[in-house]
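**Student:** A single structure is presented below for examination.
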Amino acid sequence: MTTNPNAAGSYDFTALGDASGELERLQLQAQRSAQLELQLLERMGLADGQAVLDLACGPGVISRLIAQAHPKSRVTAMDLNGALLAAAREEAATAGLASIRFVQGDVYAPPLEQGQFDFIYARLLFQHLEQPLQALEAIRALLKPGGVLCIFDIDDSWLTLVPEPEGFATFTAAAARAQERRGGNRLIGRQLGRLLEESGYNPVDVHVETVTSRQLGMRAFLDITLGFKRLLLEGEELEAARATLESADALVDDPRAWAFVGVFLARGVRP
Ligand SMILES: C[S@@+](CC[C@H](N)C(=O)[O-])C[C@H]1O[C@@H](n2cnc3c(N)ncnc32)[C@H](O)[C@@H]1O
């Protein structure tokens, strides 16, 4: 299915392996903020009755959320990874959501008819892409004129733990370097507006939503925000991170501790 030598960029689910707990982390990450996210998406133009693409759907939590909340919409869920897509398909069948169309495909060359979507959502995909501009161009062609692309992604500089565990900045910097070596970018959030404009979306707007440990619970917050970083590290860097991760885990038992992460929501319209 891969049409590009490094299509998966810094996210290769199969390489992470079943024992990594990554499927569960992805599900938790999407489920914990699902209702908040649905409201944000509706503010960005998602509405019932649309043709919607959940691009890089992973295990399909958001595809199901949209199909359930908007029963008149036609939801397509696409992902590069066959195992994730199979999990998404199975969950949708269990939930009785037979109308979601699942497609295996690469964002750089999507096997989908052009000009058909009113709303495309790309959640936590762009931080992994080696060629974001190329992806934005391929996505634009899938939208109807006036159709909306909404990107949800992170920027590590907006991740804060209070109190900050010793070595936290070193740990996040090591994870960012490891992701960059695989083609990704953990500072993608700040780039999204510029990239959308450069690839011809107009108008473009960007805002940052703060998600806190009070909303998610500290345990879930740490699992969601640190889990993938931990998987990226190996050897000496992982060894060096152990004490920092233990101090972070101790925040779960500290009722005065807080944590924040800024999630970037970028919206671009196909003129
Ligand atoms: C961090 S996961 C996010 C999954 C889902 N959007 C979510 O928020 O739960 C990144 C997803 O991007 C997919 N992906 C990576 N490169 C891709 C590509 N070139 N085309 C389509 N999907 C891709 C991965 O297979 C994975 O499912």
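As shown in the structure tokens, the chain order sets the letters A, B, ...; within each chain, residues go from 1, and ligands are also counted from 1 in the order they appear.
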Residues within 12 Å of Leu28 (chain A), please, as a ChimeraX atom specification. Count only C-alpha atoms; anything in the same chain fewer than 5 positions from it doesn't count.
**Tutor:** /A:21-23,33-34,59-62,216-217,219-225,227
**Student:** Let me see the file: selected residues, C-alpha atoms, as an mmCIF file, in the first residue's frame.
**Tutor:**
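Everything below was put into part11.cif:
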data_model
loop_
_atom_site.group_PDB
_atom_site.id
_atom_site.type_symbol
_atom_site.label_atom_id
_atom_site.label_comp_id
_atom_site.auth_asym_id
_atom_site.auth_seq_id
_atom_site.Cartn_x
_atom_site.Cartn_y
_atom_site.Cartn_z
ATOM 1 C CA GLY A 21 0.560 -0.728 24.500
ATOM 2 C CA GLU A 22 0.332 1.838 21.685
ATOM 3 C CA LEU A 23 -3.130 0.744 20.490
ATOM 4 C CA SER A 33 -11.067 14.341 24.951
ATOM 5 C CA ALA A 34 -13.749 13.123 22.522
ATOM 6 C CA PRO A 59 -8.150 2.922 15.599
ATOM 7 C CA GLY A 60 -11.099 5.034 14.436
ATOM 8 C CA VAL A 61 -12.289 6.540 17.732
ATOM 9 C CA ILE A 62 -12.980 9.885 16.061
ATOM 10 C CA LEU A 216 -8.026 14.159 31.909
ATOM 11 C CA GLY A 217 -6.811 13.018 35.321
ATOM 12 C CA ARG A 219 -2.492 9.363 35.204
ATOM 13 C CA ALA A 220 -4.213 9.602 31.812
ATOM 14 C CA PHE A 221 -2.503 12.945 31.093
ATOM 15 C CA LEU A 222 0.957 11.426 31.615
ATOM 16 C CA ASP A 223 0.168 8.240 29.687
ATOM 17 C CA ILE A 224 -1.136 10.264 26.755
ATOM 18 C CA THR A 225 1.558 12.928 26.605
ATOM 19 C CA GLY A 227 3.819 7.421 26.391
#
**Student:** Please identify the residues whose atoms come within 8 Å of ligand 1, using only C-alpha atoms and all ligand atoms, and report them as a VMD selection string.
**Tutor:** chain A and resid 2 4 6 to 13 26 to 27 29 to 30 54 to 62 78 to 81 84 to 85 104 to 108 110 122 to 125 128 to 129
**Student:** Any idea what's packed within 7 Å of Gly262 (chain A), counting only C-alpha atoms, ignoring anything in its chain fewer than 3 positions away? Could you give it as a ChimeraX atom specification?
**Tutor:** /A:154,158-159,208-211
**Student:** I'd like to know which residues of region 37-165 of chain A are strand (DSSP E or B) (by DSSP, run on the backbone); could you write them as a ChimeraX atom specification?
**Tutor:** /A:51-55,74-79,101-104,117-123,143-162
**Student:** Please, could you write that set of residues out with C-alpha atoms as a compact mmCIF listing (two decimals), in the first residue's frame?
**Tutor:**
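Output saved as again-v7.txt:
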# COMPACT_ATOMS: atom_id res chain seq x y z
CA ALA A 51 -19.05 14.10 3.43
CA VAL A 52 -16.30 13.76 6.06
CA LEU A 53 -12.84 12.18 5.92
CA ASP A 54 -11.09 11.11 9.12
CA LEU A 55 -7.61 11.12 7.65
CA ARG A 74 -21.06 10.05 5.12
CA VAL A 75 -17.88 9.22 7.02
CA THR A 76 -14.77 7.81 5.33
CA ALA A 77 -11.89 6.65 7.54
CA MET A 78 -8.49 6.26 5.91
CA ASP A 79 -5.17 5.05 7.31
CA ARG A 101 -16.31 3.47 4.80
CA PHE A 102 -12.78 2.25 5.59
CA VAL A 103 -9.99 2.74 3.07
CA GLN A 104 -6.33 1.83 3.32
CA PHE A 117 -15.26 16.09 0.90
CA ASP A 118 -16.85 18.94 2.85
CA PHE A 119 -14.68 18.38 5.93
CA ILE A 120 -11.37 16.57 6.42
CA TYR A 121 -9.91 16.01 9.87
CA ALA A 122 -6.24 15.09 10.33
CA ARG A 123 -5.61 14.33 13.98
CA LEU A 143 -11.93 18.85 -0.79
CA LYS A 144 -14.87 20.44 -2.54
CA PRO A 145 -14.37 24.17 -3.18
CA GLY A 146 -15.25 25.78 0.16
CA GLY A 147 -14.43 22.51 1.96
CA VAL A 148 -12.51 22.65 5.24
CA LEU A 149 -9.34 20.91 6.39
CA CYS A 150 -8.92 20.83 10.15
CA ILE A 151 -5.59 19.74 11.62
CA PHE A 152 -5.21 18.86 15.29
CA ASP A 153 -1.62 18.55 16.43
CA ILE A 154 0.91 19.32 19.13
CA ASP A 155 3.86 21.58 19.78
CA ASP A 156 6.12 20.30 22.56
CA SER A 157 6.93 23.75 23.86
CA TRP A 158 3.32 23.88 25.17
CA LEU A 159 3.76 20.80 27.40
CA THR A 160 4.24 21.76 31.06
CA LEU A 161 4.30 19.76 34.29
CA VAL A 162 4.05 21.65 37.58
**Student:** So which bits of region 28-199 of chain A end up helix (DSSP H, G or I) when you DSSP the backbone, as a PyMOL selection string?
**Tutor:** chain A and resi 28-32+34-43+61-69+82-94+126-128+132-142+168-181+188-198
**Student:** Just want the 12 Å neighbourhood of Gln68 (chain A), counted on only C-alpha atoms, with same-chain residues fewer than 2 positions away dropped. Output as a ChimeraX atom specification.
**Tutor:** /A:34-35,38,48,61-66,70-75,92,95-100
**Student:** Write to file, as a PDB file, in the first residue's frame, the residues of the selection just made, with C-alpha atoms.
**Tutor:**
ATOM      1  CA  ALA A  34     -13.749  13.123  22.522  1.00  0.00           C
ATOM      2  CA  GLN A  35     -16.669  15.291  23.621  1.00  0.00           C
ATOM      3  CA  LEU A  38     -16.525  17.217  18.863  1.00  0.00           C
ATOM      4  CA  ASP A  48     -24.429  16.791  10.078  1.00  0.00           C
ATOM      5  CA  VAL A  61     -12.289   6.540  17.732  1.00  0.00           C
ATOM      6  CA  ILE A  62     -12.980   9.885  16.061  1.00  0.00           C
ATOM      7  CA  SER A  63     -14.564   8.312  12.960  1.00  0.00           C
ATOM      8  CA  ARG A  64     -17.074   6.595  15.257  1.00  0.00           C
ATOM      9  CA  LEU A  65     -17.640   9.750  17.287  1.00  0.00           C
ATOM     10  CA  ILE A  66     -18.507  11.725  14.142  1.00  0.00           C
ATOM     11  CA  HIS A  70     -23.898  13.119  12.830  1.00  0.00           C
ATOM     12  CA  PRO A  71     -25.959  10.225  11.500  1.00  0.00           C
ATOM     13  CA  LYS A  72     -26.690  11.929   8.162  1.00  0.00           C
ATOM     14  CA  SER A  73     -22.995  12.398   7.381  1.00  0.00           C
ATOM     15  CA  ARG A  74     -21.059  10.047   5.116  1.00  0.00           C
ATOM     16  CA  VAL A  75     -17.877   9.223   7.017  1.00  0.00           C
ATOM     17  CA  ALA A  92     -17.242   0.144  14.195  1.00  0.00           C
ATOM     18  CA  ALA A  95     -20.822  -0.319  17.700  1.00  0.00           C
ATOM     19  CA  GLY A  96     -23.279  -1.026  14.857  1.00  0.00           C
ATOM     20  CA  LEU A  97     -21.824   1.753  12.689  1.00  0.00           C
ATOM     21  CA  ALA A  98     -22.019  -0.005   9.351  1.00  0.00           C
ATOM     22  CA  SER A  99     -22.040   3.232   7.354  1.00  0.00           C
ATOM     23  CA  ILE A 100     -18.376   4.184   7.917  1.00  0.00           C
TER      24      ILE A 100
END
